[in-house]
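Shown below: work12.txt, with compact mmCIF, C-alpha atoms.
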```txt
# COMPACT_ATOMS: atom_id res chain seq x y z
CA VAL C 75 0.00 0.00 0.00
CA GLY C 76 1.24 3.48 -0.85
CA VAL C 77 0.08 6.54 1.03
CA LEU C 78 0.47 10.02 -0.38
CA ASP C 79 -0.27 13.09 1.72
CA ALA C 80 -1.61 15.78 -0.57
CA ASP C 81 -2.45 18.05 2.39
CA LEU C 82 0.72 20.07 1.96
CA CYS C 83 -0.08 22.76 4.57
CA GLY C 84 -1.11 20.23 7.22
CA PRO C 85 0.72 16.96 6.52
CA SER C 86 -0.56 14.89 9.43
CA LEU C 87 -0.28 11.48 7.80
CA SER C 88 3.45 11.00 8.26
CA LYS C 89 3.13 11.37 12.04
CA MET C 90 0.27 8.87 12.18
CA ILE C 91 1.77 6.26 9.85
CA GLY C 92 4.84 6.07 12.07
CA LEU C 93 7.42 6.21 9.29
CA LYS C 94 10.18 8.73 9.94
CA GLY C 95 13.01 9.89 7.75
CA SER C 96 13.85 11.82 4.62
CA ILE C 97 13.01 11.03 1.05
CA HIS C 98 15.87 10.58 -1.38
CA SER C 99 15.87 10.57 -5.14
CA CYS C 100 17.42 8.07 -7.51
CA ASP C 101 17.68 8.05 -11.32
CA GLN C 102 14.06 7.07 -11.72
CA GLY C 103 12.67 9.60 -9.24
CA TRP C 104 11.93 9.85 -5.52
CA LEU C 105 12.02 6.80 -3.30
CA PRO C 106 9.18 6.64 -0.78
CA LEU C 107 9.77 5.61 2.83
CA THR C 108 8.88 1.95 3.05
CA ALA C 109 8.38 -0.51 5.90
CA PRO C 110 7.00 -4.03 6.16
CA LEU C 111 3.60 -4.27 7.86
CA GLY C 112 1.86 -7.53 8.57
CA LYS C 113 2.05 -9.62 5.43
CA GLY C 114 2.53 -6.58 3.20
CA ARG C 115 4.27 -3.23 3.20
CA ILE C 116 3.49 0.48 3.47
CA SER C 117 5.25 3.12 1.38
CA ALA C 118 4.71 6.78 2.17
CA VAL C 119 5.35 10.13 0.57
CA SER C 120 4.76 13.42 2.34
CA LEU C 121 6.13 16.94 2.33
CA SER C 122 7.17 16.20 5.93
CA TYR C 123 9.81 13.86 4.53
CA LEU C 124 11.23 16.66 2.41
CA VAL C 125 11.45 19.53 4.89
CA GLU C 126 14.16 20.02 7.46
CA ASN C 127 12.13 21.60 10.23
CA GLN C 128 8.76 19.95 10.85
CA ASP C 129 7.47 23.06 12.61
CA ASP C 130 8.02 25.37 9.63
CA PRO C 131 4.74 26.35 7.92
CA VAL C 132 4.24 25.62 4.25
CA ILE C 133 2.91 28.94 2.97
CA TRP C 134 2.34 28.14 -0.70
CA ARG C 135 -0.12 29.49 -3.21
CA GLY C 136 -2.13 27.27 -5.54
CA PRO C 137 0.32 26.91 -8.44
CA LYS C 138 3.18 25.76 -6.19
CA LYS C 139 0.92 23.25 -4.42
CA THR C 140 -0.26 22.00 -7.82
CA ALA C 141 3.31 21.51 -9.04
CA MET C 142 4.27 19.59 -5.87
CA ILE C 143 1.27 17.27 -6.12
CA LYS C 144 2.00 16.59 -9.78
CA GLN C 145 5.55 15.62 -8.78
CA PHE C 146 4.24 13.34 -6.04
CA LEU C 147 2.01 11.62 -8.57
CA SER C 148 4.47 11.30 -11.45
CA ASP C 149 7.99 11.30 -9.99
CA VAL C 150 7.80 8.79 -7.14
CA CYS C 151 9.10 5.23 -7.64
CA TRP C 152 6.22 3.46 -5.90
CA GLY C 153 7.02 0.10 -7.47
CA GLU C 154 4.12 -2.29 -7.76
CA LEU C 155 1.26 -1.32 -5.49
CA ASP C 156 -2.10 -2.91 -4.81
CA TYR C 157 -3.43 0.34 -3.39
CA LEU C 158 -2.46 4.00 -3.36
CA LEU C 159 -4.30 6.05 -0.73
CA ILE C 160 -4.22 9.81 -1.15
CA ASP C 161 -5.07 12.03 1.82
CA THR C 162 -6.37 15.49 0.90
CA PRO C 163 -6.90 18.81 2.68
CA PRO C 164 -10.41 20.13 3.32
CA GLY C 165 -12.06 22.00 0.45
CA THR C 166 -12.58 21.73 -3.27
CA SER C 167 -9.64 23.65 -4.62
CA ASP C 168 -6.23 23.41 -6.27
CA GLU C 169 -5.14 20.13 -4.67
CA HIS C 170 -8.40 18.33 -5.42
CA MET C 171 -8.66 19.64 -8.96
CA THR C 172 -5.06 18.65 -9.68
CA ILE C 173 -5.51 15.10 -8.41
CA MET C 174 -8.68 14.59 -10.46
CA GLU C 175 -6.96 15.95 -13.55
CA CYS C 176 -3.97 13.63 -13.07
CA ILE C 177 -6.04 10.56 -12.15
CA PRO C 178 -9.26 10.72 -14.21
CA GLY C 179 -12.04 8.62 -12.69
CA CYS C 180 -10.16 8.30 -9.39
CA SER C 181 -11.93 6.31 -6.66
CA VAL C 182 -12.97 8.43 -3.69
CA VAL C 183 -13.88 7.71 -0.09
CA LEU C 184 -15.68 10.60 1.63
CA VAL C 185 -15.33 11.32 5.33
CA THR C 186 -17.81 13.20 7.49
CA SER C 187 -18.73 13.56 11.13
CA PRO C 188 -22.37 13.20 12.26
CA GLN C 189 -22.86 16.98 12.55
CA ALA C 190 -25.09 18.67 9.98
CA VAL C 191 -22.44 21.37 9.62
CA ALA C 192 -19.90 18.77 8.47
CA ALA C 193 -22.34 16.87 6.25
CA ALA C 194 -23.21 20.18 4.53
CA ASP C 195 -19.61 20.59 3.39
CA VAL C 196 -19.37 16.94 2.33
CA LEU C 197 -22.54 17.37 0.27
CA ARG C 198 -20.68 20.00 -1.72
CA GLN C 199 -17.77 17.57 -2.02
CA VAL C 200 -20.20 15.05 -3.56
CA THR C 201 -21.01 17.67 -6.21
CA PHE C 202 -17.29 18.07 -6.84
CA CYS C 203 -16.99 14.29 -7.30
CA LYS C 204 -19.87 14.25 -9.78
CA LYS C 205 -18.40 17.13 -11.77
CA THR C 206 -14.97 15.53 -11.92
CA ASN C 207 -16.30 12.01 -12.71
CA ALA C 208 -14.82 10.54 -9.54
CA LYS C 209 -15.92 7.05 -8.59
CA VAL C 210 -17.37 7.44 -5.09
CA LEU C 211 -16.83 4.19 -3.18
CA GLY C 212 -18.73 5.40 -0.12
CA ILE C 213 -18.99 7.58 2.97
CA ILE C 214 -17.35 6.96 6.35
CA GLU C 215 -18.67 8.72 9.44
CA THR C 216 -16.05 9.45 12.09
CA MET C 217 -16.51 10.91 15.61
CA SER C 218 -19.58 8.66 15.81
CA GLY C 219 -20.17 8.74 19.53
CA PHE C 220 -18.00 7.86 22.50
CA VAL C 221 -18.26 4.65 24.48
CA CYS C 222 -17.34 5.33 28.08
CA PRO C 223 -14.79 2.77 29.28
CA ASN C 224 -16.19 2.97 32.81
CA CYS C 225 -19.92 2.61 32.28
CA SER C 226 -20.14 1.56 28.60
CA ASP C 227 -22.74 4.27 27.99
CA CYS C 228 -22.48 5.71 24.49
CA GLY C 229 -22.49 9.51 24.28
CA LEU C 230 -23.39 10.92 20.88
CA LEU C 231 -21.07 13.87 21.18
CA PHE C 232 -21.59 15.19 17.66
CA GLY C 233 -25.11 14.06 17.02
CA GLN C 234 -26.23 10.96 15.21
CA GLY C 235 -26.81 9.68 11.73
CA GLY C 236 -25.45 12.59 9.66
CA GLY C 237 -23.23 10.32 7.60
CA ARG C 238 -25.89 7.72 6.91
CA ARG C 239 -28.45 10.42 5.99
CA LEU C 240 -25.97 12.00 3.59
CA ALA C 241 -25.26 8.62 2.00
CA GLU C 242 -28.98 7.97 1.52
CA HIS C 243 -29.61 11.49 0.17
CA CYS C 244 -26.81 11.12 -2.39
CA ASN C 245 -27.41 7.43 -3.16
CA ILE C 246 -23.90 6.52 -2.06
CA ASN C 247 -22.75 3.47 -0.04
CA PHE C 248 -22.44 4.01 3.69
CA LEU C 249 -19.22 2.22 4.54
CA GLY C 250 -19.41 2.47 8.31
CA SER C 251 -19.11 4.65 11.38
CA ILE C 252 -16.12 5.06 13.68
CA PRO C 253 -16.68 5.90 17.35
CA ILE C 254 -14.29 8.22 19.17
CA ASP C 255 -11.55 6.18 20.82
CA PRO C 256 -8.98 7.97 23.00
CA ASN C 257 -6.68 4.93 22.80
CA LEU C 258 -6.64 5.08 19.00
CA SER C 259 -6.11 8.86 19.03
CA ARG C 260 -3.20 8.45 21.41
CA ALA C 261 -1.67 5.71 19.28
CA LEU C 262 -2.01 7.84 16.13
CA ASP C 263 -0.41 10.81 17.85
CA LYS C 264 2.60 8.60 18.54
CA GLY C 265 2.51 6.87 15.16
CA GLU C 266 1.99 3.50 16.82
CA LEU C 267 -0.22 0.58 15.94
CA LEU C 268 -2.86 -0.39 18.47
CA GLN C 269 -1.64 -3.74 19.82
CA ASN C 270 -4.96 -5.10 20.94
CA LEU C 271 -7.50 -4.61 18.15
CA SER C 272 -10.34 -6.30 19.97
CA SER C 273 -10.24 -3.70 22.76
CA SER C 274 -10.95 -0.87 20.31
CA PRO C 275 -14.34 -0.64 18.57
CA SER C 276 -12.84 2.11 16.36
CA ALA C 277 -9.93 -0.01 15.19
CA GLN C 278 -12.34 -2.86 14.54
CA SER C 279 -14.59 -0.58 12.45
CA TYR C 280 -11.62 0.48 10.35
CA CYS C 281 -10.75 -3.18 9.88
CA ASP C 282 -14.26 -3.89 8.60
CA ILE C 283 -14.21 -0.89 6.27
CA ALA C 284 -10.85 -1.85 4.80
CA LYS C 285 -12.20 -5.34 4.16
CA LEU C 286 -15.23 -3.82 2.40
CA LEU C 287 -12.96 -1.69 0.23
CA THR C 288 -11.01 -4.73 -0.95
CA LYS C 289 -14.27 -6.03 -2.38
CA THR C 290 -15.09 -2.92 -4.50
CA THR R 65 -16.26 38.63 -9.65
CA GLY R 66 -13.00 38.46 -11.60
CA LYS R 67 -11.45 41.19 -9.49
CA PHE R 68 -7.88 40.55 -8.41
CA ILE R 69 -5.75 41.97 -5.65
CA THR R 70 -3.88 45.07 -6.81
CA ASP R 71 -1.55 47.57 -5.15
CA THR R 72 -4.44 49.81 -4.10
CA SER R 73 -6.42 46.95 -2.57
CA PRO R 74 -5.07 47.30 1.00
CA SER R 75 -6.02 50.97 1.14
CA ASP R 76 -9.43 50.18 -0.40
CA VAL R 77 -9.95 47.67 2.42
CA ALA R 78 -8.76 50.13 5.06
CA ILE R 79 -11.27 52.71 3.83
CA ALA R 80 -14.09 50.15 3.59
CA LEU R 81 -13.44 48.94 7.15
CA SER R 82 -12.72 52.36 8.65
CA LYS R 83 -15.93 52.29 10.71
CA VAL R 84 -15.08 48.87 12.17
CA LYS R 85 -13.36 49.42 15.52
CA HIS R 86 -11.85 45.96 16.15
CA LYS R 87 -10.98 43.31 13.55
CA ILE R 88 -10.17 39.81 14.74
CA LEU R 89 -9.05 36.84 12.63
CA VAL R 90 -9.84 33.27 13.68
CA LEU R 91 -7.17 30.93 12.37
CA SER R 92 -6.07 27.36 12.83
CA GLY R 93 -4.12 25.71 10.09
CA LYS R 94 -5.95 22.50 10.95
CA GLY R 95 -9.39 21.57 9.62
CA GLY R 96 -12.30 20.42 11.74
CA VAL R 97 -11.09 21.89 15.04
CA GLY R 98 -13.94 24.35 15.47
CA LYS R 99 -12.90 27.67 13.91
CA SER R 100 -16.43 28.44 12.73
CA THR R 101 -17.88 27.39 16.09
CA VAL R 102 -15.39 29.66 17.88
CA THR R 103 -16.16 32.56 15.51
CA ALA R 104 -19.90 32.16 16.04
CA GLN R 105 -19.67 31.83 19.83
CA ILE R 106 -17.33 34.83 20.19
CA ALA R 107 -19.68 36.87 17.99
CA ARG R 108 -22.74 35.81 20.00
CA ASN R 109 -21.11 36.60 23.33
CA LEU R 110 -19.97 40.02 22.12
CA ALA R 111 -23.45 40.79 20.76
CA ALA R 112 -24.95 39.76 24.11
CA ARG R 113 -22.75 42.41 25.73
CA ASP R 114 -24.38 45.01 23.45
CA TYR R 115 -21.49 45.39 21.02
CA SER R 116 -22.33 45.73 17.31
CA VAL R 117 -20.79 42.68 15.65
CA GLY R 118 -20.17 41.50 12.11
CA VAL R 119 -18.75 38.17 10.94
CA VAL R 120 -17.35 37.27 7.56
CA ASP R 121 -16.67 33.73 6.40
CA VAL R 122 -13.64 33.63 4.18
CA ASP R 123 -13.77 29.81 3.86
CA VAL R 124 -15.38 29.80 0.42
CA CYS R 125 -15.20 26.00 -0.07
CA GLY R 126 -16.66 25.12 3.33
CA PRO R 127 -18.83 28.08 4.45
CA SER R 128 -20.10 26.67 7.77
CA LEU R 129 -20.62 29.93 9.62
CA ALA R 130 -23.98 30.79 8.06
CA ARG R 131 -25.49 27.45 9.14
CA ILE R 132 -24.07 27.69 12.67
CA LEU R 133 -25.60 31.17 13.03
CA GLY R 134 -28.92 29.98 11.65
CA VAL R 135 -28.95 32.11 8.48
CA ASN R 136 -27.89 29.62 5.78
CA GLY R 137 -29.77 29.71 2.52
CA GLN R 138 -30.70 33.39 2.74
CA SER R 139 -29.90 35.69 -0.13
CA VAL R 140 -28.15 39.03 -0.29
CA HIS R 141 -28.36 41.93 -2.65
CA LYS R 142 -25.90 44.56 -3.74
CA SER R 143 -26.74 48.26 -3.73
CA SER R 144 -24.59 51.27 -4.48
CA ASN R 145 -23.30 50.99 -0.88
CA GLY R 146 -22.23 47.39 -1.40
CA TRP R 147 -23.54 43.99 -0.32
CA SER R 148 -26.08 44.14 2.49
CA PRO R 149 -25.14 41.58 5.12
CA VAL R 150 -27.68 39.11 6.49
CA TYR R 151 -28.63 39.76 10.14
CA THR R 152 -29.12 37.02 12.69
CA LEU R 153 -31.84 37.16 15.34
CA ASP R 154 -29.29 38.55 17.79
CA ASP R 155 -28.32 41.27 15.31
CA ILE R 156 -24.98 39.90 14.12
CA ALA R 157 -24.21 41.03 10.55
CA VAL R 158 -23.05 38.07 8.44
CA MET R 159 -21.39 37.84 5.05
CA SER R 160 -20.69 34.46 3.46
CA ILE R 161 -20.54 32.86 0.07
CA ASP R 162 -23.38 30.65 1.33
CA PHE R 163 -25.74 33.54 0.51
CA LEU R 164 -24.51 33.66 -3.09
CA LEU R 165 -24.89 29.95 -3.82
CA GLY R 166 -28.07 28.69 -5.42
CA SER R 167 -28.45 25.46 -3.47
CA GLU R 168 -26.82 23.59 -0.59
CA GLU R 169 -25.35 21.17 -3.13
CA ASP R 170 -23.47 23.84 -5.07
CA ALA R 171 -19.71 23.43 -4.80
CA VAL R 172 -17.20 26.26 -5.09
CA ILE R 173 -14.53 24.58 -7.20
CA TRP R 174 -12.08 27.45 -7.51
CA ARG R 175 -8.32 27.69 -7.64
CA GLY R 176 -6.53 30.11 -5.35
CA ALA R 177 -6.58 33.28 -7.45
CA LYS R 178 -10.33 33.18 -7.89
CA LYS R 179 -10.85 32.67 -4.17
CA ASN R 180 -8.72 35.76 -3.55
CA GLY R 181 -11.04 37.86 -5.71
CA MET R 182 -14.03 36.85 -3.59
CA ILE R 183 -12.18 37.60 -0.37
CA LYS R 184 -11.30 41.07 -1.64
CA GLU R 185 -14.97 41.60 -2.50
CA PHE R 186 -16.00 40.60 1.03
CA LEU R 187 -13.49 43.00 2.56
CA THR R 188 -14.12 46.01 0.31
CA SER R 189 -17.75 45.81 -0.71
CA VAL R 190 -19.95 44.92 2.26
CA ASP R 191 -22.11 47.65 3.77
CA TRP R 192 -21.35 46.88 7.44
CA GLY R 193 -22.15 50.33 8.78
CA GLU R 194 -20.48 51.07 12.12
CA LEU R 195 -19.25 47.96 13.93
CA ASP R 196 -17.49 47.44 17.24
CA TYR R 197 -16.16 44.04 16.12
CA LEU R 198 -15.64 42.23 12.83
CA VAL R 199 -14.68 38.60 13.41
CA MET R 200 -13.28 36.77 10.37
CA ASP R 201 -13.50 33.00 9.98
CA THR R 202 -10.85 31.41 7.76
CA PRO R 203 -10.35 28.02 6.08
CA PRO R 204 -7.73 25.54 7.30
CA GLY R 205 -4.20 25.82 5.98
CA THR R 206 -1.65 28.50 5.25
CA SER R 207 -2.31 29.22 1.61
CA ASP R 208 -3.88 31.62 -0.87
CA GLU R 209 -6.72 32.77 1.35
CA HIS R 210 -4.48 33.49 4.33
CA LEU R 211 -1.89 35.33 2.26
CA ALA R 212 -4.71 37.31 0.65
CA ILE R 213 -6.29 38.32 3.96
CA VAL R 214 -2.99 39.36 5.52
CA SER R 215 -2.05 41.34 2.44
CA LEU R 216 -5.48 42.98 2.11
CA LEU R 217 -5.60 43.93 5.82
CA LYS R 218 -2.09 45.34 6.10
CA GLN R 219 -3.27 48.94 6.29
CA SER R 220 -6.32 48.18 8.42
CA LYS R 221 -5.00 47.86 12.02
CA VAL R 222 -6.13 44.31 12.81
CA SER R 223 -6.45 43.70 16.55
CA GLY R 224 -4.99 40.25 16.19
CA CYS R 225 -5.68 36.57 15.66
CA VAL R 226 -7.25 33.87 17.75
CA LEU R 227 -5.77 30.41 17.10
CA VAL R 228 -7.89 27.28 17.48
CA SER R 229 -6.73 23.73 18.15
CA THR R 230 -7.95 20.47 19.65
CA PRO R 231 -5.96 18.68 22.35
CA GLN R 232 -4.54 16.03 19.96
```

Could you take the file, read its structure, and then write that structure out as structure tokens?
Amino acid sequence: VGVLDADLCGPSLSKMIGLKGSIHSCDQGWLPLTAPLGKGRISAVSLSYLVENQDDPVIWRGPKKTAMIKQFLSDVCWGELDYLLIDTPPGTSDEHMTIMECIPGCSVVLVTSPQAVAAADVLRQVTFCKKTNAKVLGIIETMSGFVCPNCSDCGLLFGQGGGRRLAEHCNINFLGSIPIDPNLSRALDKGELLQNLSSSPSAQSYCDIAKLLTKT
Amino acid sequence: TGKFITDTSPSDVAIALSKVKHKILVLSGKGGVGKSTVTAQIARNLAARDYSVGVVDVDVCGPSLARILGVNGQSVHKSSNGWSPVYTLDDIAVMSIDFLLGSEEDAVIWRGAKKNGMIKEFLTSVDWGELDYLVMDTPPGTSDEHLAIVSLLKQSKVSGCVLVSTPQ
């Protein structure tokens, strides 16, 4: 699996994936950071791997972001990949337009939280997908409630059902919902894998969604 | 609108906002942390203290502020004095691209330069009247919109920025 972080101003993926280092180039192009994982491997490309100081802001206008993304898509020696996952920033702007131009008919997974305010933005993203002929695989709802570890009561912190309603309204598959899990958040902040999957409903939901995606 | 940022734009903005006493930017860099919620709640609390408050949503791709303030889907018109903002029930003046879009499904699929033109329009051509506070919501990131706002406001004595994050 390759992962490409196209959110140049806020490249969070590299921290969460847990791969650290710098990217080097060879004759054929840039070499992603690669590590074995389970029975397979993960390769990653991010602006984080190209900058010296992780705390420096990336203050780039559209054309420079577009040029960088085009390089990420055409100049990286990914090798053979089963999947390339591309993380994007919020919005429907330069980065998104560039990716759809470079990868016509790209498959898309949409992410929302249950809140109507979030679903409203994702509805506009659905329009973007239609206009750019993206193949929408489905919608994932995150922040879908919090199960208290002490009393097992589920608090719907951001409301309920926004993702499923959006999927029904747009006639798109609802891939699943992910509850808030402090253990998973903590692990992602450290770039670690959760050791005990069965203790985390969130990690289990992601597992199920990934399995669904292998069938599309 | 097709208007771009020129050398005279900062002074145009300063003149347009000369009757606004305090201008505050709400920034984050990160998406989904609650910038629009913070903007709305600050505006509401200021209005409750009897200040005259305006808010402008410069996040043209994800204009959440209008919905949070309960005025999404309303329309605006432009007179010789500029765009008339929409007023909430607690008298907050609001300007957002939400009011210019035909339906809630319309997407603003614009590259950076075009977004800058809209931001300039929002800062130069809204008939705010006299305001104690203008609170400006921004999109995530550090890109075209942010460079545009900073450049457009450089002659306008901005009070400062509020930064928003989550604990993660």

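Between atom CA of C:Asp101 and atom CA of C:Ala141 the separation is 19.8 Å.
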
Taking all atoms listed in the file into account, find every residue of chain R that has an atom no more than 9 Å from chain C, and write it out as a PDB file with C-alpha atoms, keeping the file's coordinate frame.
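Here's the written file out-v3.pdb:
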```pdb
ATOM      1  CA  GLY R  93      -4.120  25.710  10.090  1.00  0.00           C
ATOM      2  CA  LYS R  94      -5.950  22.500  10.950  1.00  0.00           C
ATOM      3  CA  GLY R  95      -9.390  21.570   9.620  1.00  0.00           C
ATOM      4  CA  GLY R  96     -12.300  20.420  11.740  1.00  0.00           C
ATOM      5  CA  ASP R 123     -13.770  29.810   3.860  1.00  0.00           C
ATOM      6  CA  VAL R 124     -15.380  29.800   0.420  1.00  0.00           C
ATOM      7  CA  CYS R 125     -15.200  26.000  -0.070  1.00  0.00           C
ATOM      8  CA  GLY R 126     -16.660  25.120   3.330  1.00  0.00           C
ATOM      9  CA  PRO R 127     -18.830  28.080   4.450  1.00  0.00           C
ATOM     10  CA  SER R 128     -20.100  26.670   7.770  1.00  0.00           C
ATOM     11  CA  LEU R 129     -20.620  29.930   9.620  1.00  0.00           C
ATOM     12  CA  ARG R 131     -25.490  27.450   9.140  1.00  0.00           C
ATOM     13  CA  ILE R 132     -24.070  27.690  12.670  1.00  0.00           C
ATOM     14  CA  GLU R 168     -26.820  23.590  -0.590  1.00  0.00           C
ATOM     15  CA  GLU R 169     -25.350  21.170  -3.130  1.00  0.00           C
ATOM     16  CA  ASP R 170     -23.470  23.840  -5.070  1.00  0.00           C
ATOM     17  CA  ALA R 171     -19.710  23.430  -4.800  1.00  0.00           C
ATOM     18  CA  VAL R 172     -17.200  26.260  -5.090  1.00  0.00           C
ATOM     19  CA  ILE R 173     -14.530  24.580  -7.200  1.00  0.00           C
ATOM     20  CA  TRP R 174     -12.080  27.450  -7.510  1.00  0.00           C
ATOM     21  CA  ARG R 175      -8.320  27.690  -7.640  1.00  0.00           C
ATOM     22  CA  GLY R 176      -6.530  30.110  -5.350  1.00  0.00           C
ATOM     23  CA  ALA R 177      -6.580  33.280  -7.450  1.00  0.00           C
ATOM     24  CA  PRO R 203     -10.350  28.020   6.080  1.00  0.00           C
ATOM     25  CA  PRO R 204      -7.730  25.540   7.300  1.00  0.00           C
ATOM     26  CA  GLY R 205      -4.200  25.820   5.980  1.00  0.00           C
ATOM     27  CA  THR R 206      -1.650  28.500   5.250  1.00  0.00           C
ATOM     28  CA  SER R 207      -2.310  29.220   1.610  1.00  0.00           C
ATOM     29  CA  ASP R 208      -3.880  31.620  -0.870  1.00  0.00           C
ATOM     30  CA  GLU R 209      -6.720  32.770   1.350  1.00  0.00           C
ATOM     31  CA  HIS R 210      -4.480  33.490   4.330  1.00  0.00           C
ATOM     32  CA  LEU R 211      -1.890  35.330   2.260  1.00  0.00           C
ATOM     33  CA  GLN R 232      -4.540  16.030  19.960  1.00  0.00           C
TER      34      GLN R 232
END
```

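What separates atom CA of R:Phe163 from atom CA of C:Glu242 is a distance of 25.8 Å.
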
Practice problem: Show which residues sit within 9 Å of R:Lys99, as a PyMOL selection string. Count only C-alpha atoms, and ignore same-chain residues fewer than 3 positions away. | Solution: chain R and resi 90-92+95-96+102-104+201-204+227-229

Exercise. Using only C-alpha atoms, determine which residues lie at most 7 Å from R:Ile156, disregarding the query and same-chain residues fewer than 6 positions distant; provide the list as a PyMOL selection string.
Key: chain R and resi 111+117-118

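With all atoms listed in the file taken into account, the protein and nucleic acid residues at most 10 Å from C:Ile91 (excluding it and anything under 6 positions from it in its own chain) are Val77, Ile116, Ser117, Ala118, Leu262, Asp263, Lys264, Gly265, Glu266 and Leu267 of chain C.
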
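The space separating atom CA of R:Ile213 from atom CA of C:Gln128 comes to 24.7 Å.
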